[in-house]
Amino acid sequence: MNLLQRYKEFIKKEDLFSPKDKLLLAVSGGIDSVVLCELCKQAGYDFNIIHCNFQLRGEESERDEKFVRQLEEKYKVEVKAKKFETEKFAEENKISIQAAARDLRYQWFFQLWNEGDFNDARTDDSESIPGWNTDSPFLFVLTAHHADDNIETIMMNFFRGTGLHGLTGIPVKGVSPILNYLRRPLLPFTKNELTAFAKENKLEFVEDSSNLSSKYTRNLFRHEIIPAISKVYPQVNKNLTDNINRLKEIEKLYKLAVNDIKKKLVKEKGAEWYIPVKQLMGYNNRALIYEIIADFGFTEKQIDEVIKLSESDSGKYIDSPMFNYRFIKHRHWFIISPVNSADSRMIIIEEKDKTVQFEEGVIEIEKLQTTNFKPQTTNNIACLDSRDLNFPLILRKWKTGDYFYPLGMKKKKKLSRFFIDQKLSKTEKEQAWVIEMDKKIIWVVGKRIDERFKVKEKTSSVLKLIYYQPGV
């Protein structure tokens, strides 16, 4: 069976995509990605091409982009290329050039898929991807990772330290709902097989000179470490591939156990996920923390940050370096929430923010330096003494047990009682939001501020919040 036939069989066996789906091929211009293009063309798949120019090799980077753009004419497809300031990104985020290129690449892939930049074909956002029987086309991003890449990856992971998943190699499909659009159909095939295919089909490609330099970790393994090991163990590549397959089977059992725990711990509420802090930390298991946060683009290095967060004040959080999510500590809960999403039930307000959009409308934020300030007394405007406030603030839905000190009162009152006194309907109660700081409610949005945070006679700095409702 030739490579093309095996390629199509592997795609069908693994249910990667169907002939009616739309594919975005990540093409560098090197031999691997050029072979991917040709295989997709010969197999009759509908594809466009995307190219990352990391601007790391001067004229050579521009040459690669020019070469990939010329594939537009060869294959009669659209080519989209993007330039990245990779070195600047690496410096700002204190990561290696390789890590920066990887993060930038996958962020852009996710953006293209999420926006449907080429067409309206999309995967759904569930963990189960519809396969051959669906009537609707879906959009997938394909990368040209192959068997040799897989071997190098697991060796690198082993020596720098990794969990079980890091020893199972590169997944053929994205491993989480957020990454489910990724497909890697060349993983079963070796570099030698791809090279032979390119030669048989007289394919042109460009050579990346940096691939010859062992200053990059992957190249060190590729050109020096693996060849050295093969002198002692000639079957090292085959043995490692067999080990990858064994560990994948073991991981399946591991995942069954982890998923059972995750179902007990992680509760989805709208666009957010809630995890009880005490229960999660009670397992005293770093692997479990990673399995929960990894789905949202958090890294193994952030496990320690999550542990530290468990003992932090309410409102503290960490950001996902890959996707637009925050891991927030709120009282007795961890909450994984999309950043600045109007669908979130909990939104972080930073000191720098000027507006905040949420389910029930928009809040504008002003900071005023003043003396003898006379606050406006409408329900939709809150004027607060900035000296009493510490950022970040939390905008969230109210819940049973919440209480505050209504303006003009010296005693606390439960929100449920306050709403009864205000004669709010059931619907109005369900739509009520509060702004909280350090477990204290400072404003029942659109209703009443807390007495403790009101503007006083000697107030010189005021935080003014203006609430606008949709259509009002």
# chains A, B, ... in the order shown; residues from 1 in each chain; ligands from 1

call {"tool": "select_by_dssp", "arguments": {"residues": "stretch 252-471 of chain A", "states": "helix (DSSP H, G or I)", "output": "PyMOL selection string"}}
result
chain A and resi 252-265+277-282+286-296+300-309+386-388+415-421+426-430+451-453

call {"tool": "select_by_dssp", "arguments": {"residues": "stretch 30-146 of chain A", "states": "strand (DSSP E)", "output": "count of residues only"}}
result
17

call {"tool": "residues_around", "arguments": {"residues": "A:Lys88", "least_positions_apart": "4", "cutoff": "10 Å", "atoms": "only C-alpha atoms", "output": "list in words"}}
result
Phe84, Glu92, Asn93, Lys94, Ile97 and Ala100 of chain A

call {"tool": "atom_distance", "arguments": {"atom1": "atom CA of A:Glu311", "atom2": "atom CA of A:Tyr274"}}
result
16.8 Å

call {"tool": "residues_around", "arguments": {"residues": "stretch 42-56 of chain A", "least_positions_apart": "2", "cutoff": "6 Å", "atoms": "only C-alpha atoms", "output": "JSON, numbers by chain"}}
result
{"A": [19, 22, 23, 24, 25, 26, 27, 28, 39, 40, 58, 61, 77, 78, 79, 80, 81, 82, 83, 84, 86]}

call {"tool": "write_last_selection", "arguments": {"atoms": "C-alpha atoms", "output": "mmCIF file, in the first residue's frame"}}
result
data_model
loop_
_atom_site.group_PDB
_atom_site.id
_atom_site.type_symbol
_atom_site.label_atom_id
_atom_site.label_comp_id
_atom_site.auth_asym_id
_atom_site.auth_seq_id
_atom_site.Cartn_x
_atom_site.Cartn_y
_atom_site.Cartn_z
ATOM 1 C CA PRO A 19 -14.040 14.646 2.467
ATOM 2 C CA LYS A 22 -12.798 22.329 5.237
ATOM 3 C CA LEU A 23 -9.105 22.081 6.128
ATOM 4 C CA LEU A 24 -6.544 24.767 6.957
ATOM 5 C CA LEU A 25 -3.057 23.388 6.340
ATOM 6 C CA ALA A 26 -0.275 24.927 8.441
ATOM 7 C CA VAL A 27 2.544 25.145 5.886
ATOM 8 C CA SER A 28 6.080 26.304 6.661
ATOM 9 C CA LEU A 39 -1.401 14.342 -0.009
ATOM 10 C CA CYS A 40 -4.505 16.449 0.673
ATOM 11 C CA GLY A 58 15.856 37.539 8.176
ATOM 12 C CA SER A 61 11.924 33.941 6.623
ATOM 13 C CA VAL A 77 -6.379 27.724 -2.921
ATOM 14 C CA GLU A 78 -6.239 30.762 -0.653
ATOM 15 C CA VAL A 79 -3.032 31.375 1.310
ATOM 16 C CA LYS A 80 -3.050 33.461 4.470
ATOM 17 C CA ALA A 81 0.279 34.439 6.067
ATOM 18 C CA LYS A 82 0.960 36.328 9.291
ATOM 19 C CA LYS A 83 4.116 37.944 10.605
ATOM 20 C CA PHE A 84 4.915 37.650 14.330
ATOM 21 C CA THR A 86 8.503 36.453 18.105
#

call {"tool": "residues_around", "arguments": {"residues": "A:Arg6", "least_positions_apart": "4", "cutoff": "12 Å", "atoms": "only C-alpha atoms", "output": "list of chain:residue names"}}
result
A:Met1, A:Asn2, A:Phe10, A:Ile11, A:Lys12, A:Lys13, A:Leu39, A:Ala43, A:Pro185, A:Leu186, A:Leu187, A:Pro188, A:Phe189, A:Glu193

call {"tool": "write_last_selection", "arguments": {"atoms": "all heavy atoms", "output": "mmCIF file, in the first residue's frame"}}
result
data_model
loop_
_atom_site.group_PDB
_atom_site.id
_atom_site.type_symbol
_atom_site.label_atom_id
_atom_site.label_comp_id
_atom_site.auth_asym_id
_atom_site.auth_seq_id
_atom_site.Cartn_x
_atom_site.Cartn_y
_atom_site.Cartn_z
ATOM 1 N N MET A 1 0.853 -1.199 0.000
ATOM 2 C CA MET A 1 0.000 0.000 0.000
ATOM 3 C C MET A 1 0.890 1.252 0.000
ATOM 4 O O MET A 1 1.786 1.371 0.836
ATOM 5 C CB MET A 1 -0.898 0.004 1.255
ATOM 6 C CG MET A 1 -1.968 1.087 1.223
ATOM 7 S SD MET A 1 -2.944 1.137 2.754
ATOM 8 C CE MET A 1 -3.758 -0.444 2.713
ATOM 9 N N ASN A 2 0.672 2.152 -0.943
ATOM 10 C CA ASN A 2 1.518 3.338 -1.005
ATOM 11 C C ASN A 2 1.130 4.355 0.068
ATOM 12 O O ASN A 2 0.140 4.194 0.781
ATOM 13 C CB ASN A 2 1.486 3.967 -2.404
ATOM 14 C CG ASN A 2 0.097 4.477 -2.775
ATOM 15 O OD1 ASN A 2 -0.695 4.867 -1.927
ATOM 16 N ND2 ASN A 2 -0.193 4.480 -4.070
ATOM 17 N N PHE A 10 -5.555 5.946 7.403
ATOM 18 C CA PHE A 10 -5.324 6.436 8.768
ATOM 19 C C PHE A 10 -6.351 7.500 9.143
ATOM 20 O O PHE A 10 -6.893 7.492 10.265
ATOM 21 C CB PHE A 10 -3.903 7.010 8.879
ATOM 22 C CG PHE A 10 -3.590 7.575 10.238
ATOM 23 C CD1 PHE A 10 -3.430 6.745 11.338
ATOM 24 C CD2 PHE A 10 -3.482 8.940 10.426
ATOM 25 C CE1 PHE A 10 -3.143 7.261 12.595
ATOM 26 C CE2 PHE A 10 -3.199 9.478 11.675
ATOM 27 C CZ PHE A 10 -3.029 8.635 12.764
ATOM 28 N N ILE A 11 -6.644 8.401 8.229
ATOM 29 C CA ILE A 11 -7.632 9.452 8.487
ATOM 30 C C ILE A 11 -8.998 8.837 8.773
ATOM 31 O O ILE A 11 -9.701 9.261 9.699
ATOM 32 C CB ILE A 11 -7.708 10.420 7.286
ATOM 33 C CG1 ILE A 11 -6.434 11.262 7.212
ATOM 34 C CG2 ILE A 11 -8.933 11.329 7.377
ATOM 35 C CD1 ILE A 11 -6.250 12.013 5.921
ATOM 36 N N LYS A 12 -9.347 7.821 7.995
ATOM 37 C CA LYS A 12 -10.654 7.174 8.190
ATOM 38 C C LYS A 12 -10.675 6.374 9.497
ATOM 39 O O LYS A 12 -11.644 6.449 10.260
ATOM 40 C CB LYS A 12 -10.958 6.260 7.004
ATOM 41 C CG LYS A 12 -12.378 5.719 7.021
ATOM 42 C CD LYS A 12 -12.716 5.029 5.710
ATOM 43 C CE LYS A 12 -14.167 4.562 5.717
ATOM 44 N NZ LYS A 12 -14.546 3.921 4.425
ATOM 45 N N LYS A 13 -9.592 5.650 9.766
ATOM 46 C CA LYS A 13 -9.517 4.825 10.982
ATOM 47 C C LYS A 13 -9.627 5.687 12.234
ATOM 48 O O LYS A 13 -10.325 5.337 13.192
ATOM 49 C CB LYS A 13 -8.201 4.056 10.975
ATOM 50 C CG LYS A 13 -7.917 3.259 12.248
ATOM 51 C CD LYS A 13 -6.623 2.473 12.101
ATOM 52 C CE LYS A 13 -6.211 1.833 13.409
ATOM 53 N NZ LYS A 13 -5.691 2.809 14.402
ATOM 54 N N LEU A 39 -0.540 15.459 -0.399
ATOM 55 C CA LEU A 39 -1.401 14.342 -0.009
ATOM 56 C C LEU A 39 -2.864 14.769 0.044
ATOM 57 O O LEU A 39 -3.759 14.036 -0.407
ATOM 58 C CB LEU A 39 -0.965 13.793 1.356
ATOM 59 C CG LEU A 39 0.305 12.937 1.367
ATOM 60 C CD1 LEU A 39 0.770 12.686 2.789
ATOM 61 C CD2 LEU A 39 0.074 11.606 0.645
ATOM 62 N N ALA A 43 -5.712 13.336 -2.384
ATOM 63 C CA ALA A 43 -6.830 12.646 -1.718
ATOM 64 C C ALA A 43 -8.167 13.354 -1.972
ATOM 65 O O ALA A 43 -9.221 12.822 -1.620
ATOM 66 C CB ALA A 43 -6.566 12.556 -0.224
ATOM 67 N N PRO A 185 -2.445 14.408 10.742
ATOM 68 C CA PRO A 185 -2.614 13.145 9.998
ATOM 69 C C PRO A 185 -1.312 12.493 9.536
ATOM 70 O O PRO A 185 -1.346 11.371 9.012
ATOM 71 C CB PRO A 185 -3.453 13.577 8.777
ATOM 72 C CG PRO A 185 -3.111 15.022 8.576
ATOM 73 C CD PRO A 185 -2.893 15.579 9.960
ATOM 74 N N LEU A 186 -0.145 13.144 9.708
ATOM 75 C CA LEU A 186 1.122 12.542 9.293
ATOM 76 C C LEU A 186 1.842 11.812 10.427
ATOM 77 O O LEU A 186 2.931 11.279 10.222
ATOM 78 C CB LEU A 186 2.061 13.614 8.723
ATOM 79 C CG LEU A 186 1.610 14.352 7.464
ATOM 80 C CD1 LEU A 186 2.722 15.260 6.970
ATOM 81 C CD2 LEU A 186 1.193 13.385 6.365
ATOM 82 N N LEU A 187 1.261 11.768 11.612
ATOM 83 C CA LEU A 187 1.965 11.207 12.770
ATOM 84 C C LEU A 187 2.439 9.757 12.598
ATOM 85 O O LEU A 187 3.479 9.388 13.141
ATOM 86 C CB LEU A 187 1.089 11.307 14.025
ATOM 87 C CG LEU A 187 1.184 12.626 14.805
ATOM 88 C CD1 LEU A 187 0.300 12.584 16.033
ATOM 89 C CD2 LEU A 187 2.631 12.913 15.228
ATOM 90 N N PRO A 188 1.747 8.893 11.847
ATOM 91 C CA PRO A 188 2.230 7.512 11.727
ATOM 92 C C PRO A 188 3.430 7.360 10.790
ATOM 93 O O PRO A 188 4.047 6.293 10.753
ATOM 94 C CB PRO A 188 1.024 6.763 11.149
ATOM 95 C CG PRO A 188 -0.110 7.709 11.151
ATOM 96 C CD PRO A 188 0.454 9.084 11.183
ATOM 97 N N PHE A 189 3.755 8.405 10.034
ATOM 98 C CA PHE A 189 4.718 8.254 8.955
ATOM 99 C C PHE A 189 6.070 8.870 9.315
ATOM 100 O O PHE A 189 6.150 9.945 9.908
ATOM 101 C CB PHE A 189 4.167 8.883 7.677
ATOM 102 C CG PHE A 189 2.759 8.452 7.374
ATOM 103 C CD1 PHE A 189 1.705 9.349 7.429
ATOM 104 C CD2 PHE A 189 2.478 7.121 7.088
ATOM 105 C CE1 PHE A 189 0.412 8.948 7.184
ATOM 106 C CE2 PHE A 189 1.184 6.699 6.836
ATOM 107 C CZ PHE A 189 0.139 7.607 6.892
ATOM 108 N N GLU A 193 9.852 8.262 4.919
ATOM 109 C CA GLU A 193 8.704 8.004 4.049
ATOM 110 C C GLU A 193 8.225 9.287 3.373
ATOM 111 O O GLU A 193 7.869 9.283 2.192
ATOM 112 C CB GLU A 193 7.566 7.384 4.867
ATOM 113 C CG GLU A 193 7.836 5.956 5.309
ATOM 114 C CD GLU A 193 6.737 5.412 6.207
ATOM 115 O OE1 GLU A 193 6.451 6.034 7.247
ATOM 116 O OE2 GLU A 193 6.168 4.365 5.860
#

call {"tool": "closest_residue", "arguments": {"among": "A:Arg448, A:Lys20, A:Lys41, A:Arg218", "to": "A:Ala99", "atoms": "only C-alpha atoms"}}
result
A:Arg218

call {"tool": "closest_residue", "arguments": {"among": "A:Leu309, A:Ile347, A:Ala147, A:Ile292", "to": "A:Ile275", "atoms": "only C-alpha atoms"}}
result
A:Ile292

call {"tool": "atom_distance", "arguments": {"atom1": "atom CA of A:Val232", "atom2": "atom CA of A:Lys248"}}
result
25.8 Å

call {"tool": "closest_atom_pairs", "arguments": {"of": "stretch 319-401 of chain A", "to": "stretch 413-422 of chain A", "cutoff": "10 Å", "atoms": "only C-alpha atoms", "output": "JSON lines"}}
result
{"residue": "A:Trp398", "atom": "CA", "partner": "A:Leu415", "partner_atom": "CA", "distance": 8.0}
{"residue": "A:Lys399", "atom": "CA", "partner": "A:Leu415", "partner_atom": "CA", "distance": 8.3}
{"residue": "A:Thr400", "atom": "CA", "partner": "A:Ser416", "partner_atom": "CA", "distance": 6.9}
{"residue": "A:Gly401", "atom": "CA", "partner": "A:Lys414", "partner_atom": "CA", "distance": 6.6}

call {"tool": "closest_residue", "arguments": {"among": "A:Ala382, A:Ile31, A:Ala271, A:Ile328", "to": "A:Ile394", "atoms": "only C-alpha atoms"}}
result
A:Ile328

call {"tool": "closest_residue", "arguments": {"among": "A:Tyr75, A:Tyr181, A:Phe327, A:Phe404", "to": "A:Phe296", "atoms": "only C-alpha atoms"}}
result
A:Phe327

call {"tool": "closest_residue", "arguments": {"among": "A:His165, A:Arg286, A:Ile229, A:Ile381", "to": "A:Thr153", "atoms": "only C-alpha atoms"}}
result
A:His165

call {"tool": "atom_distance", "arguments": {"atom1": "atom CA of A:Glu85", "atom2": "atom CA of A:Ile348"}}
result
28.9 Å

call {"tool": "closest_residue", "arguments": {"among": "A:Asn237, A:Ser314, A:Asn201, A:Ser425", "to": "A:Arg222", "atoms": "only C-alpha atoms"}}
result
A:Asn237
